[in-house]
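Pasting model27.txt here (compact mmCIF, C-alpha atoms):
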# COMPACT_ATOMS: atom_id res chain seq x y z
CA MET A 8 -17.46 -136.91 -78.18
CA THR A 9 -17.88 -140.46 -79.46
CA ILE A 10 -20.78 -141.84 -81.52
CA PRO A 11 -22.00 -144.23 -78.75
CA LYS A 12 -21.91 -141.36 -76.24
CA LEU A 13 -23.89 -139.10 -78.60
CA ARG A 14 -26.41 -141.88 -79.29
CA SER A 15 -26.85 -142.42 -75.55
CA GLU A 16 -27.32 -138.70 -74.91
CA LEU A 17 -29.91 -138.32 -77.67
CA SER A 18 -31.97 -141.37 -76.78
CA GLY A 19 -31.71 -141.09 -73.00
CA GLU A 20 -30.57 -143.66 -70.50
CA GLY A 21 -32.30 -147.00 -70.20
CA THR A 22 -31.86 -150.49 -68.81
CA ASP A 23 -31.20 -153.19 -71.38
CA GLY A 24 -33.02 -156.46 -70.94
CA THR A 25 -34.85 -159.33 -72.58
CA LEU A 26 -38.58 -159.88 -72.99
CA THR A 27 -39.73 -163.51 -73.00
CA VAL A 28 -42.96 -163.46 -75.00
CA SER A 29 -46.06 -165.07 -73.49
CA SER A 30 -48.65 -163.66 -75.95
CA CYS A 31 -49.01 -161.28 -78.89
CA GLU A 32 -51.92 -159.23 -80.14
CA THR A 33 -52.60 -157.69 -83.52
CA HIS A 34 -54.14 -154.23 -83.72
CA THR A 35 -55.76 -153.22 -87.00
CA THR A 36 -56.38 -149.62 -87.99
CA HIS A 37 -58.35 -148.75 -91.11
CA HIS A 38 -57.70 -145.49 -92.94
CA HIS A 39 -60.19 -144.27 -95.50
CA SER A 40 -59.65 -141.47 -97.91
CA ARG A 41 -61.52 -140.36 -100.95
CA TYR A 42 -59.37 -142.40 -103.33
CA ARG A 43 -58.06 -145.36 -101.38
CA ARG A 44 -58.38 -147.46 -98.28
CA THR A 45 -55.45 -148.72 -96.26
CA THR A 46 -55.14 -151.05 -93.33
CA GLU A 47 -52.33 -150.66 -90.83
CA LEU A 48 -51.28 -153.62 -88.71
CA LYS A 49 -49.55 -153.06 -85.39
CA PHE A 50 -48.37 -155.80 -83.06
CA SER A 51 -47.79 -155.78 -79.32
CA CYS A 52 -46.34 -158.64 -77.32
CA THR A 53 -46.66 -159.24 -73.60
CA GLY A 54 -44.34 -161.25 -71.40
CA THR A 55 -41.72 -161.22 -68.68
CA TRP A 56 -38.90 -158.69 -68.88
CA SER A 57 -35.56 -159.37 -67.19
CA ALA A 58 -32.67 -156.92 -66.88
CA GLU A 59 -29.50 -157.97 -68.69
CA ARG A 60 -27.18 -157.48 -65.72
CA GLY A 61 -29.41 -159.13 -63.15
CA GLY A 62 -31.69 -157.21 -60.87
CA ALA A 63 -35.22 -156.30 -61.83
CA THR A 64 -37.76 -158.64 -63.41
CA TYR A 65 -41.23 -157.47 -64.41
CA GLN A 66 -44.32 -159.52 -65.33
CA ASP A 67 -46.96 -158.55 -67.90
CA VAL A 68 -44.75 -156.09 -69.78
CA THR A 69 -46.10 -154.99 -73.18
CA VAL A 70 -43.78 -153.99 -76.04
CA ALA A 71 -44.76 -152.80 -79.53
CA THR A 72 -43.18 -155.10 -82.13
CA SER A 73 -42.91 -155.11 -85.92
CA SER A 74 -44.31 -158.63 -86.28
CA ARG A 75 -46.19 -161.32 -84.43
CA LEU A 76 -43.92 -163.49 -82.30
CA GLU A 77 -44.33 -166.99 -80.92
CA THR A 78 -44.71 -167.85 -77.24
CA GLY A 79 -41.27 -168.32 -75.69
CA ASP A 80 -39.44 -166.07 -78.16
CA LYS A 81 -36.90 -163.75 -76.57
CA ILE A 82 -36.48 -160.22 -77.88
CA PRO A 83 -34.32 -157.32 -76.67
CA ALA A 84 -36.22 -154.58 -74.84
CA VAL A 85 -35.11 -151.43 -73.05
CA GLN A 86 -36.76 -150.03 -69.93
CA VAL A 87 -36.94 -146.22 -69.84
CA ASP A 88 -39.03 -144.40 -67.25
CA ASN A 89 -41.49 -147.27 -66.61
CA THR A 90 -41.98 -147.94 -70.33
CA PHE A 91 -40.49 -150.72 -72.43
CA GLN A 92 -39.37 -150.38 -76.04
CA GLN A 93 -37.34 -152.28 -78.60
CA PRO A 94 -33.85 -150.80 -79.07
CA GLN A 95 -34.44 -149.84 -82.72
CA ASP A 96 -37.46 -147.75 -81.67
CA ARG A 97 -35.10 -145.61 -79.57
CA ASP A 98 -32.64 -145.03 -82.43
CA PRO A 99 -32.12 -141.26 -82.51
CA GLY A 100 -30.25 -141.20 -85.85
CA LYS A 101 -33.33 -140.81 -88.01
CA ASP A 102 -34.76 -138.03 -85.86
CA ALA A 103 -31.47 -136.14 -85.72
CA ALA A 104 -31.00 -136.55 -89.48
CA PHE A 105 -34.48 -135.18 -90.08
CA LEU A 106 -33.80 -132.14 -87.88
CA ALA A 107 -30.49 -131.51 -89.63
CA LEU A 108 -32.17 -131.71 -93.02
CA CYS A 109 -34.73 -129.17 -91.79
CA LEU A 110 -31.81 -126.84 -91.02
CA SER A 111 -30.75 -127.03 -94.67
CA LEU A 112 -34.29 -126.42 -95.86
CA LEU A 113 -34.56 -123.43 -93.55
CA ALA A 114 -31.40 -121.92 -95.08
CA PHE A 115 -32.75 -122.53 -98.59
CA GLY A 116 -36.11 -121.00 -97.65
CA ILE A 117 -34.43 -117.89 -96.29
CA HIS A 118 -32.49 -117.59 -99.56
CA CYS A 119 -35.74 -117.83 -101.53
CA LEU A 120 -37.45 -115.19 -99.39
CA LEU A 121 -34.53 -112.78 -99.57
CA THR A 122 -33.99 -113.05 -103.32
CA GLY A 123 -37.25 -114.12 -104.92
CA PHE A 124 -35.68 -117.33 -106.23
CA GLY A 125 -38.35 -119.88 -107.13
CA ALA A 126 -41.07 -117.34 -107.80
CA ARG A 127 -42.89 -117.47 -111.12
CA GLY A 128 -40.79 -115.45 -113.54
CA GLY A 129 -38.20 -114.93 -110.78
CA PRO A 130 -34.45 -114.91 -111.20
CA GLY A 131 -32.33 -118.01 -111.70
CA PHE A 132 -30.16 -119.37 -108.89
CA ALA A 133 -26.92 -117.66 -109.99
CA THR A 134 -28.66 -114.29 -110.44
CA SER A 135 -30.51 -114.59 -107.15
CA TRP A 136 -27.28 -115.47 -105.34
CA GLN A 137 -25.81 -112.18 -106.59
CA ARG A 138 -28.92 -110.33 -105.32
CA LEU A 139 -28.47 -111.37 -101.69
CA PRO A 140 -28.43 -108.37 -99.36
CA ALA A 141 -24.92 -107.93 -97.96
CA PRO A 142 -23.67 -110.85 -100.11
CA THR A 143 -20.29 -111.08 -98.42
CA VAL A 144 -22.05 -111.93 -95.15
CA THR A 145 -25.33 -113.62 -96.05
CA GLY A 146 -23.90 -115.73 -98.89
CA PRO A 147 -21.35 -117.64 -96.79
CA LEU A 148 -23.77 -117.72 -93.85
CA LEU A 149 -26.63 -119.29 -95.81
CA GLY A 150 -24.30 -121.53 -97.83
CA GLY A 151 -22.54 -122.70 -94.69
CA LEU A 152 -25.81 -123.32 -92.87
CA PHE A 153 -27.11 -125.32 -95.84
CA ALA A 154 -23.90 -127.37 -96.13
CA LEU A 155 -23.73 -127.94 -92.37
CA GLY A 156 -27.32 -129.20 -92.33
CA LEU A 157 -26.69 -131.62 -95.21
CA LEU A 158 -23.44 -132.89 -93.69
CA ALA A 159 -25.05 -133.34 -90.27
CA ALA A 160 -28.01 -135.19 -91.84
CA LEU A 161 -25.61 -137.52 -93.65
CA VAL A 162 -23.55 -138.21 -90.53
CA CYS A 163 -26.63 -138.78 -88.38
CA SER A 164 -28.27 -141.14 -90.84
CA LEU A 165 -25.12 -143.21 -91.35
CA ALA A 166 -23.36 -143.11 -87.98
CA LEU A 167 -26.16 -142.94 -85.41
Go ahead and express the file in the form of structure tokens.
Amino acid sequence: MTIPKLRSELSGEGTDGTLTVSSCETHTTHHHSRYRRTTELKFSCTGTWSAERGGATYQDVTVATSSRLETGDKIPAVQVDNTFQQPQDRDPGKDAAFLALCLSLLAFGIHCLLTGFGARGGPGFATSWQRLPAPTVTGPLLGGLFALGLLAALVCSLAL
């Protein structure tokens, strides 16, 4: 399986095209907490979307953008199931890397629960590793699961 094929499978099929911007709006969201206030700016641009390989053209298409654009600017946009997004918003690498990292954390959490590692006054890592029930099975299983999760997270974050 190739990286482009995997990326396509994870993000789903879509139609590549170009959005010609006719207007942009800024949306402001205020967040208040006890200690600080933050303001989040989000931008959305509306315009005409045209498929890259000819075919469909849609008017009044809105796409979330990372910045305000000028009228007439052209940006890449992908149509998926009657929605339009920028290609980087569909990038599955970060999501897959996060899930793979969760796999590693799950293996580490199981190790902690089985051995008491990390508890106040609990055993050190080397001692707790020796305390694993059925260590010839669970040791390689948990270690392999942890290593596989880290390796998959690294590959997903760099290659996808």
(message) Using Å and a single decimal, report how far atom CA of A:Thr25 sits from atom CA of A:Gln66.
(response)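 Straight-line distance from atom CA of A:Gln66 to atom CA of A:Thr25 works out to 11.9 Å.
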(request) Go through A:Ala166, A:Cys119, A:Ala107, A:Val87 and flag the residue nearest A:Ala154, using only C-alpha atoms for the distances. (result)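 The shortest atom-to-atom distance to A:Ala154 comes from A:Ala107.
The spacing separating atom CA of A:Glu32 from atom CA of A:Glu59 amounts to 25.2 Å.
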(request) Go ahead and compute the interatomic distance for atom CA of A:Ser111 and atom CA of A:Leu155, in Å to one decimal. (result) 7.4 Å
(message) With all atoms listed in the file as the counted atoms, please give the residues lying no more than 12 Å from A:Thr145, apart from itself and same-chain residues fewer than 2 positions off, as a ChimeraX atom specification.
(response) /A:114-115,117-118,121-122,136-143,147-153
(message) Just checking: using all atoms listed in the file, which residue out of A:Val28, A:Thr36, A:Cys163, A:Asp23 ends up closest to A:Leu108?
(response)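 The closest residue to A:Leu108 is A:Cys163.
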Residues near A:Ala58, cut-off 6 Å, all atoms listed in the file, skip fewer than 3 positions along chain, as a PDB file with C-alpha atoms, keeping the file's coordinate frame:
ATOM      1  CA  GLY A  24     -33.020-156.460 -70.940  1.00  0.00           C
ATOM      2  CA  GLY A  61     -29.410-159.130 -63.150  1.00  0.00           C
ATOM      3  CA  ALA A  63     -35.220-156.300 -61.830  1.00  0.00           C
TER       4      ALA A  63
END
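Take the candidates A:Leu48, A:Gly123, A:Thr22, A:Arg41 and check each one against A:Gln93 using only C-alpha atoms; the shortest distance goes to A:Thr22.
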(message) Let me make sure I understand: among A:Thr134, A:Thr46, A:Gln92, A:Ser40, which one has the smallest atom-to-atom distance to A:Thr72 if we use only C-alpha atoms?
(response) A:Gln92
(request) Determine the nearest neighbour of A:Lys81 from the options A:Thr53, A:Ala103, A:Gly116, A:His38, counting all atoms listed in the file. (result)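 Closest to A:Lys81, using all atoms listed in the file: A:Thr53.
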(message) Given the point (-37.2, -150.2, -71.2) in the coordinates of this file, which residues lie within 12 Å, counting only C-alpha atoms, and how would they look as a PyMOL selection string?
(response) chain A and resi 18-26+56-59+63-65+68-71+83-97
(message) Given all atoms listed in the file as the basis, pick out the residue of A:Cys109, A:Arg44, A:Gly146, A:His34 nearest to A:Ser73.
(response)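 When distances to A:Ser73 are compared using all atoms listed in the file, the smallest one comes from A:His34.
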